[in-house]
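Step one of this worksheet: look at the structure below.
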Amino acid sequence: MRAPSPSPARRLCALAAALACVLGPAGSRVAGLQQECDYLQLIEVQQQQCLEEAQQENETAGCGQMWDNLTCWPATPRGQVVVVACPLIFKLFSPIQGRNVSRSCTDQGWTQLQPGPYPTACGLDDAAASVDEQQTLFYNSVKTGYTIGYSLSLATLLAATAILSLFRKLHCTRNYIHIHLFVSFMLRAAAVFIKDLALFHSGEPDSCSQEGSVGCKAAVVFFQYCVMANFFWLLVEGLYLHTLLAVSFFSERKYFRGYIVIGWGVPGTFIIMWTAIRVHFEDYGCWDTINSPLWWVIKAPILTSILVNFVLFICIIRILVQKLRPPDTGKNQSSPYSRLAKSTLLLIPLFGVHYIMFAFFPDNFKAEVKLVFELVVGSFQGCVVAVLYCFLNGEVQAELRRKWRRWRLQGVLGWSAKPQPPWSGSSGATCSTQVSMLTRASPSTRRSSSFQAEVSLV
């Protein structure tokens, strides 16, 4: 009799490892993943050792040494019964422990496994098997969900980046930072697709193997860099808006250079450190598991950025409460609180405040909820940011309407309009004039105007 092949367990192991890799530092490790990989690797070692011993043993009367895909049965004289413990891997799927299996050596050779096949003898009943199938279905559903989310985010971010880049009147430091954030979201989405392709390209994905291809490791390294860069550009958005509200005068060009270093340079430094450490100390597999102390080289900076951004979010809300507080207490209080609620909701996706919900919880806390929240819901963050800070932005809409009217006039009348100076022919203040006004205005006026420019939605 042939025992069930461990390939389904390997497939579940690989899929869970990929989701844990996507989940990153803000999420949890999939329960039992490393233990399952350890058991599978132990089975491979036992198989190799059993087959080598079977080739070296002398031919004797009785039953020769045999490997049945899960257990090594030693050479035994006829008429004897061999009793061994159930394979360790069944501890992952069965609550019943301490069971044994046996085979008898007869004149016809080894008998069938007693008291039955491995699933029956070792307590892997239908309920436990259905749990394994449910886990596989859940992981596949999560993978499908975040694939849809990242695809939608990638499409909207491409359009938003093109709009902010092509229209010169939208060029300013604030929108430059938005463009870099959009690019980091797009790189993160592309890195997820590349990583999934590298891990699931073959028919039998195996994240438990000791050897990983260079391409697979490069895909994981690129993915980790894109994820960390995305978190740090969320931090840059918080730093820039807080600087606008809290600092009276500053050089935007000088600060922007620093933002570039923070957004792209700092993550690159940590990723290079992590790659070098893994090459020298943990160069096995595809580097897609996160249950190692070395993972803190990536996890610690991202957790720090989440915490700092949350503190900046609280500080900005405090400043807005002070600025939106009406001087006359007899006036209606609903309008300021409504504006404050709207401002708070608009800043949550831009700052990535939702990551604070699970960032500092234990790894085993609500693993399924964290998977859905961090992967499926988080995959739509790029789409939400692009819609709020590009497509619904008043300046962007005004510029698109102006360009559309101009293109229609040129197409219908064949009229070519001369380019107008930036101080005329525009309905409302442009991005460049707003920034210059913020620079020359008083601190109080500048703080109010800057936030209005940041959240000028219809």
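For the structure tokens, the naming scheme is as follows: chains receive sequential letters (A, B, ...) according to their order of presentation, residues are indexed from 1 within each chain, and ligands are indexed from 1 in presentation order.
Shell of Pro74 in chain A at 12 Å, with only C-alpha atoms counted and residues fewer than 3 places along the chain excluded, is A:Gln49, A:Cys50, A:Leu51, A:Glu53, A:Ala54, A:Glu57, A:Gly62, A:Cys63, A:Gly64, A:Gln65, A:Met66, A:Trp67, A:Asp68, A:Thr71, A:Pro77, A:Gln80, A:Val81, A:Val82, A:Val83, A:Val84, A:Ser102, A:Arg103, A:Ser104, A:Cys105, A:Trp110.
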Selection above as a file: N, CA, C and O atoms, as a JSON list (two decimals), in the first residue's frame:
```json
[["chain", "number", "residue", "atom", "x", "y", "z"],
["A", 49, "GLN", "N", 17.96, 8.43, 4.26],
["A", 49, "GLN", "CA", 18.70, 7.52, 5.15],
["A", 49, "GLN", "C", 18.18, 6.08, 5.03],
["A", 49, "GLN", "O", 18.96, 5.13, 5.01],
["A", 50, "CYS", "N", 16.87, 5.92, 4.91],
["A", 50, "CYS", "CA", 16.28, 4.58, 4.82],
["A", 50, "CYS", "C", 16.69, 3.90, 3.52],
["A", 50, "CYS", "O", 17.05, 2.71, 3.52],
["A", 51, "LEU", "N", 16.65, 4.63, 2.42],
["A", 51, "LEU", "CA", 17.01, 4.04, 1.14],
["A", 51, "LEU", "C", 18.49, 3.67, 1.09],
["A", 51, "LEU", "O", 18.87, 2.64, 0.51],
["A", 53, "GLU", "N", 20.35, 2.79, 3.70],
["A", 53, "GLU", "CA", 20.53, 1.60, 4.53],
["A", 53, "GLU", "C", 19.98, 0.36, 3.84],
["A", 53, "GLU", "O", 20.52, -0.73, 3.99],
["A", 54, "ALA", "N", 18.89, 0.51, 3.08],
["A", 54, "ALA", "CA", 18.32, -0.63, 2.37],
["A", 54, "ALA", "C", 19.26, -1.16, 1.30],
["A", 54, "ALA", "O", 19.32, -2.38, 1.05],
["A", 57, "GLU", "N", 22.22, -3.18, 3.21],
["A", 57, "GLU", "CA", 21.96, -4.35, 4.07],
["A", 57, "GLU", "C", 22.15, -5.65, 3.28],
["A", 57, "GLU", "O", 21.97, -5.68, 2.06],
["A", 62, "GLY", "N", 13.31, -13.14, 5.33],
["A", 62, "GLY", "CA", 12.37, -12.22, 5.96],
["A", 62, "GLY", "C", 12.05, -11.06, 5.04],
["A", 62, "GLY", "O", 12.12, -11.17, 3.81],
["A", 63, "CYS", "N", 11.69, -9.94, 5.63],
["A", 63, "CYS", "CA", 11.29, -8.74, 4.90],
["A", 63, "CYS", "C", 12.41, -7.71, 4.96],
["A", 63, "CYS", "O", 12.95, -7.42, 6.05],
["A", 64, "GLY", "N", 12.76, -7.18, 3.80],
["A", 64, "GLY", "CA", 13.81, -6.18, 3.76],
["A", 64, "GLY", "C", 13.32, -4.81, 4.21],
["A", 64, "GLY", "O", 12.12, -4.55, 4.37],
["A", 65, "GLN", "N", 14.29, -3.94, 4.44],
["A", 65, "GLN", "CA", 13.95, -2.58, 4.87],
["A", 65, "GLN", "C", 13.15, -1.88, 3.77],
["A", 65, "GLN", "O", 13.47, -1.97, 2.59],
["A", 66, "MET", "N", 12.09, -1.13, 4.17],
["A", 66, "MET", "CA", 11.17, -0.54, 3.21],
["A", 66, "MET", "C", 10.79, 0.88, 3.62],
["A", 66, "MET", "O", 10.62, 1.18, 4.80],
["A", 67, "TRP", "N", 10.68, 1.74, 2.63],
["A", 67, "TRP", "CA", 10.19, 3.11, 2.84],
["A", 67, "TRP", "C", 8.83, 3.25, 2.14],
["A", 67, "TRP", "O", 8.69, 2.97, 0.96],
["A", 68, "ASP", "N", 7.80, 3.66, 2.91],
["A", 68, "ASP", "CA", 6.44, 3.75, 2.35],
["A", 68, "ASP", "C", 5.97, 5.20, 2.18],
["A", 68, "ASP", "O", 4.77, 5.48, 2.26],
["A", 71, "THR", "N", 7.20, 6.42, 6.53],
["A", 71, "THR", "CA", 7.86, 5.70, 7.62],
["A", 71, "THR", "C", 8.86, 4.70, 7.03],
["A", 71, "THR", "O", 8.59, 4.09, 5.99],
["A", 77, "PRO", "N", 12.61, -10.44, 10.49],
["A", 77, "PRO", "CA", 12.38, -11.87, 10.17],
["A", 77, "PRO", "C", 10.90, -12.16, 10.00],
["A", 77, "PRO", "O", 10.04, -11.44, 10.51],
["A", 80, "GLN", "N", 7.27, -11.83, 12.59],
["A", 80, "GLN", "CA", 7.34, -10.78, 13.60],
["A", 80, "GLN", "C", 6.54, -9.56, 13.17],
["A", 80, "GLN", "O", 6.30, -9.32, 11.99],
["A", 81, "VAL", "N", 6.15, -8.80, 14.17],
["A", 81, "VAL", "CA", 5.36, -7.57, 13.96],
["A", 81, "VAL", "C", 6.20, -6.37, 14.39],
["A", 81, "VAL", "O", 6.82, -6.39, 15.47],
["A", 82, "VAL", "N", 6.21, -5.36, 13.55],
["A", 82, "VAL", "CA", 6.95, -4.12, 13.85],
["A", 82, "VAL", "C", 5.93, -3.02, 14.16],
["A", 82, "VAL", "O", 5.00, -2.79, 13.38],
["A", 83, "VAL", "N", 6.11, -2.38, 15.30],
["A", 83, "VAL", "CA", 5.21, -1.30, 15.73],
["A", 83, "VAL", "C", 6.03, -0.01, 15.82],
["A", 83, "VAL", "O", 7.07, 0.03, 16.48],
["A", 84, "VAL", "N", 5.56, 1.03, 15.14],
["A", 84, "VAL", "CA", 6.22, 2.34, 15.17],
["A", 84, "VAL", "C", 5.18, 3.41, 15.44],
["A", 84, "VAL", "O", 3.97, 3.19, 15.26],
["A", 102, "SER", "N", 1.42, -0.45, 12.66],
["A", 102, "SER", "CA", 2.20, -1.69, 12.66],
["A", 102, "SER", "C", 2.08, -2.39, 11.31],
["A", 102, "SER", "O", 1.12, -2.19, 10.56],
["A", 103, "ARG", "N", 3.09, -3.20, 11.02],
["A", 103, "ARG", "CA", 3.09, -4.09, 9.87],
["A", 103, "ARG", "C", 3.67, -5.44, 10.31],
["A", 103, "ARG", "O", 4.56, -5.49, 11.17],
["A", 104, "SER", "N", 3.21, -6.50, 9.69],
["A", 104, "SER", "CA", 3.70, -7.85, 9.97],
["A", 104, "SER", "C", 4.49, -8.35, 8.79],
["A", 104, "SER", "O", 4.17, -8.06, 7.63],
["A", 105, "CYS", "N", 5.54, -9.14, 9.08],
["A", 105, "CYS", "CA", 6.35, -9.74, 8.03],
["A", 105, "CYS", "C", 5.87, -11.18, 7.81],
["A", 105, "CYS", "O", 5.94, -12.01, 8.74],
["A", 110, "TRP", "N", 5.69, -7.73, 3.43],
["A", 110, "TRP", "CA", 5.05, -6.87, 4.41],
["A", 110, "TRP", "C", 3.54, -6.85, 4.20],
["A", 110, "TRP", "O", 3.05, -6.82, 3.07]]
```
- [ ] Show which residues sit within 12 Å of Asn100 in chain A, as number ranges by chain. Count only C-alpha atoms, and ignore same-chain residues fewer than 6 positions away.
- [x] A: 71, 82-88, 90, 113-123
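The residue that comes closest to Ala367 in chain A, out of A:Ser248, A:Thr275, A:Thr161, A:Gln135 and on the basis of only C-alpha atoms, is A:Gln135.
Distances from A:Tyr139, A:Tyr146, A:Phe281, A:Phe391 to Glu374 in chain A were compared using only C-alpha atoms, and the smallest one belongs to A:Tyr146.
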Open item on the list: So that I can see what lies close to Trp295 in chain A, please list as a list in words the residues with an atom at most 12 Å from it, counting only C-alpha atoms and leaving out residues fewer than 2 positions away in the same chain.
Closed with: Cys21, Gly24, Pro25, Ala26, Arg29, Gln224, Phe270, Ile271, Met273, Trp274, Thr275, Ile277, Arg278, Glu282, Trp287, Asp288, Thr289, Ile290, Asn291, Ser292, Pro293, Val297, Ile298, Lys299, Ala300, Pro301 and Ile302 of chain A
Written file, previous selection with C-alpha atoms, as a PDB file, in the first residue's frame:
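And here's out35.pdb as it stands now:
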```
ATOM      1  CA  CYS A  21       5.604  37.201   3.014  1.00  0.00           C
ATOM      2  CA  GLY A  24       5.004  41.565   6.027  1.00  0.00           C
ATOM      3  CA  PRO A  25       5.920  43.037   9.379  1.00  0.00           C
ATOM      4  CA  ALA A  26       2.498  44.391  10.176  1.00  0.00           C
ATOM      5  CA  ARG A  29       3.124  34.345  10.682  1.00  0.00           C
ATOM      6  CA  GLN A 224      10.641  43.697   0.473  1.00  0.00           C
ATOM      7  CA  PHE A 270      18.040  48.307   5.306  1.00  0.00           C
ATOM      8  CA  ILE A 271      17.282  45.912   2.435  1.00  0.00           C
ATOM      9  CA  MET A 273      21.789  44.921   5.157  1.00  0.00           C
ATOM     10  CA  TRP A 274      19.081  42.256   5.317  1.00  0.00           C
ATOM     11  CA  THR A 275      20.203  40.670   2.037  1.00  0.00           C
ATOM     12  CA  ILE A 277      22.886  38.971   6.487  1.00  0.00           C
ATOM     13  CA  ARG A 278      20.675  36.346   4.889  1.00  0.00           C
ATOM     14  CA  GLU A 282      20.266  32.016   6.494  1.00  0.00           C
ATOM     15  CA  TRP A 287      13.771  33.911   1.697  1.00  0.00           C
ATOM     16  CA  ASP A 288       9.983  34.161   1.899  1.00  0.00           C
ATOM     17  CA  THR A 289       9.596  33.083   5.546  1.00  0.00           C
ATOM     18  CA  ILE A 290       9.554  35.690   8.286  1.00  0.00           C
ATOM     19  CA  ASN A 291      10.036  33.568  11.424  1.00  0.00           C
ATOM     20  CA  SER A 292      13.632  34.558  12.085  1.00  0.00           C
ATOM     21  CA  PRO A 293      15.349  37.137  14.318  1.00  0.00           C
ATOM     22  CA  VAL A 297      16.146  44.209  10.173  1.00  0.00           C
ATOM     23  CA  ILE A 298      13.083  44.861   7.992  1.00  0.00           C
ATOM     24  CA  LYS A 299      10.340  44.758  10.606  1.00  0.00           C
ATOM     25  CA  ALA A 300      11.791  47.315  13.033  1.00  0.00           C
ATOM     26  CA  PRO A 301      12.132  50.226  10.520  1.00  0.00           C
ATOM     27  CA  ILE A 302       8.616  49.675   9.169  1.00  0.00           C
TER      28      ILE A 302
END
```
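You can rank A:Val101, A:Ile89, A:Ala229, A:Val236 by their closest distance to Val266 in chain A using only C-alpha atoms, and at the top of that list sits A:Ala229.
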Task: Of the listed residues A:Ala75, A:Leu137, A:Ile272, A:Trp233, that which approaches Asn58 in chain A most closely, counting only C-alpha atoms - done: A:Ala75
TODO: For Thr173 in chain A, work out the shell of residues within 10 Å, counting only C-alpha atoms and skipping chain neighbours fewer than 2 positions away, then give it as a PyMOL selection string.
DONE: chain A and resi 170-171+175-179+240+252-253+255-256+431-432+435
Keeping only all heavy atoms, write the selected residues as a short mmCIF file (atom, residue, chain, number, x, y, z; two decimals), in the first residue's frame.
```cif
data_model
loop_
_atom_site.label_atom_id
_atom_site.label_comp_id
_atom_site.auth_asym_id
_atom_site.auth_seq_id
_atom_site.Cartn_x
_atom_site.Cartn_y
_atom_site.Cartn_z
N LEU A 170 0.06 71.67 -12.34
CA LEU A 170 -0.08 70.84 -11.14
C LEU A 170 1.28 70.49 -10.54
O LEU A 170 1.33 69.72 -9.58
CB LEU A 170 -0.84 69.55 -11.48
CG LEU A 170 -2.27 69.73 -11.98
CD1 LEU A 170 -2.88 68.37 -12.34
CD2 LEU A 170 -3.14 70.44 -10.95
N HIS A 171 2.36 71.02 -11.11
CA HIS A 171 3.69 70.70 -10.60
C HIS A 171 3.99 71.57 -9.39
O HIS A 171 4.02 72.80 -9.46
CB HIS A 171 4.74 70.94 -11.69
CG HIS A 171 4.67 69.95 -12.80
ND1 HIS A 171 5.56 69.94 -13.85
CD2 HIS A 171 3.83 68.91 -13.02
CE1 HIS A 171 5.26 68.96 -14.69
NE2 HIS A 171 4.21 68.32 -14.19
N ASN A 175 2.54 67.89 -4.91
CA ASN A 175 2.19 66.88 -5.90
C ASN A 175 3.39 66.02 -6.31
O ASN A 175 3.22 64.86 -6.71
CB ASN A 175 1.59 67.55 -7.14
CG ASN A 175 0.15 67.99 -6.91
OD1 ASN A 175 -0.51 67.50 -5.99
ND2 ASN A 175 -0.34 68.91 -7.71
N TYR A 176 4.60 66.57 -6.20
CA TYR A 176 5.78 65.74 -6.44
C TYR A 176 5.85 64.61 -5.42
O TYR A 176 6.16 63.46 -5.76
CB TYR A 176 7.06 66.58 -6.36
CG TYR A 176 7.25 67.53 -7.52
CD1 TYR A 176 8.01 68.70 -7.37
CD2 TYR A 176 6.68 67.27 -8.76
CE1 TYR A 176 8.18 69.58 -8.43
CE2 TYR A 176 6.85 68.15 -9.81
CZ TYR A 176 7.59 69.30 -9.65
OH TYR A 176 7.75 70.16 -10.70
N ILE A 177 5.54 64.93 -4.17
CA ILE A 177 5.54 63.90 -3.13
C ILE A 177 4.43 62.89 -3.40
O ILE A 177 4.61 61.68 -3.22
CB ILE A 177 5.39 64.55 -1.74
CG1 ILE A 177 6.63 65.41 -1.43
CG2 ILE A 177 5.19 63.49 -0.66
CD1 ILE A 177 6.54 66.16 -0.12
N HIS A 178 3.27 63.39 -3.82
CA HIS A 178 2.18 62.47 -4.18
C HIS A 178 2.61 61.52 -5.30
O HIS A 178 2.29 60.33 -5.27
CB HIS A 178 0.95 63.26 -4.63
CG HIS A 178 0.22 63.94 -3.51
ND1 HIS A 178 0.41 63.62 -2.19
CD2 HIS A 178 -0.71 64.94 -3.52
CE1 HIS A 178 -0.36 64.37 -1.43
NE2 HIS A 178 -1.06 65.19 -2.22
N ILE A 179 3.33 62.05 -6.29
CA ILE A 179 3.77 61.21 -7.40
C ILE A 179 4.70 60.11 -6.91
O ILE A 179 4.58 58.93 -7.31
CB ILE A 179 4.45 62.07 -8.49
CG1 ILE A 179 3.41 62.96 -9.18
CG2 ILE A 179 5.16 61.20 -9.52
CD1 ILE A 179 4.02 63.94 -10.17
N TYR A 240 5.78 65.94 5.63
CA TYR A 240 5.60 67.15 4.84
C TYR A 240 4.38 67.94 5.32
O TYR A 240 4.46 69.17 5.50
CB TYR A 240 5.44 66.79 3.37
CG TYR A 240 5.15 67.98 2.49
CD1 TYR A 240 6.13 68.93 2.21
CD2 TYR A 240 3.88 68.16 1.94
CE1 TYR A 240 5.86 70.02 1.41
CE2 TYR A 240 3.61 69.26 1.14
CZ TYR A 240 4.60 70.18 0.88
OH TYR A 240 4.32 71.27 0.09
N GLU A 252 11.40 74.45 0.67
CA GLU A 252 10.76 73.24 0.18
C GLU A 252 11.70 72.41 -0.68
O GLU A 252 11.66 71.18 -0.64
CB GLU A 252 9.50 73.61 -0.61
CG GLU A 252 8.38 74.15 0.26
CD GLU A 252 7.07 74.15 -0.47
OE1 GLU A 252 7.06 73.88 -1.68
OE2 GLU A 252 6.04 74.42 0.17
N ARG A 253 12.55 73.08 -1.47
CA ARG A 253 13.48 72.34 -2.32
C ARG A 253 14.47 71.56 -1.47
O ARG A 253 14.78 70.39 -1.75
CB ARG A 253 14.21 73.30 -3.25
CG ARG A 253 15.22 72.63 -4.16
CD ARG A 253 15.82 73.61 -5.14
NE ARG A 253 14.79 74.18 -6.01
CZ ARG A 253 15.06 75.06 -6.97
NH1 ARG A 253 16.30 75.47 -7.17
NH2 ARG A 253 14.08 75.54 -7.72
N TYR A 255 14.07 70.56 1.67
CA TYR A 255 13.36 69.50 2.36
C TYR A 255 13.03 68.37 1.40
O TYR A 255 13.04 67.19 1.79
CB TYR A 255 12.08 70.05 3.00
CG TYR A 255 12.27 70.61 4.39
CD1 TYR A 255 13.08 71.71 4.62
CD2 TYR A 255 11.64 70.03 5.48
CE1 TYR A 255 13.25 72.22 5.89
CE2 TYR A 255 11.80 70.53 6.77
CZ TYR A 255 12.62 71.62 6.96
OH TYR A 255 12.79 72.13 8.23
N PHE A 256 12.69 68.70 0.16
CA PHE A 256 12.30 67.67 -0.80
C PHE A 256 13.46 66.71 -1.08
O PHE A 256 13.24 65.51 -1.25
CB PHE A 256 11.83 68.32 -2.11
CG PHE A 256 11.33 67.34 -3.12
CD1 PHE A 256 10.15 66.65 -2.93
CD2 PHE A 256 12.05 67.10 -4.28
CE1 PHE A 256 9.68 65.75 -3.86
CE2 PHE A 256 11.60 66.20 -5.23
CZ PHE A 256 10.41 65.52 -5.01
N CYS A 431 -1.62 75.27 -8.23
CA CYS A 431 -0.77 74.65 -7.19
C CYS A 431 0.45 75.52 -6.91
O CYS A 431 0.83 75.71 -5.77
CB CYS A 431 -0.36 73.26 -7.65
SG CYS A 431 0.63 72.38 -6.46
N SER A 432 1.08 76.06 -7.99
CA SER A 432 2.29 76.84 -7.80
C SER A 432 2.01 78.13 -7.05
O SER A 432 2.77 78.52 -6.17
CB SER A 432 2.92 77.15 -9.16
OG SER A 432 2.01 77.85 -9.97
N VAL A 435 1.44 77.38 -3.33
CA VAL A 435 2.67 77.14 -2.58
C VAL A 435 3.40 78.44 -2.30
O VAL A 435 3.93 78.66 -1.21
CB VAL A 435 3.57 76.16 -3.36
CG1 VAL A 435 4.92 76.02 -2.68
CG2 VAL A 435 2.90 74.80 -3.45
#
```
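Going from CA of Ile306 in chain A over to CA of Glu368 in chain A, you cover 21.4 Å.
The coordinates place CA of Gly258 in chain A at 12.4 Å from CA of Leu235 in chain A.
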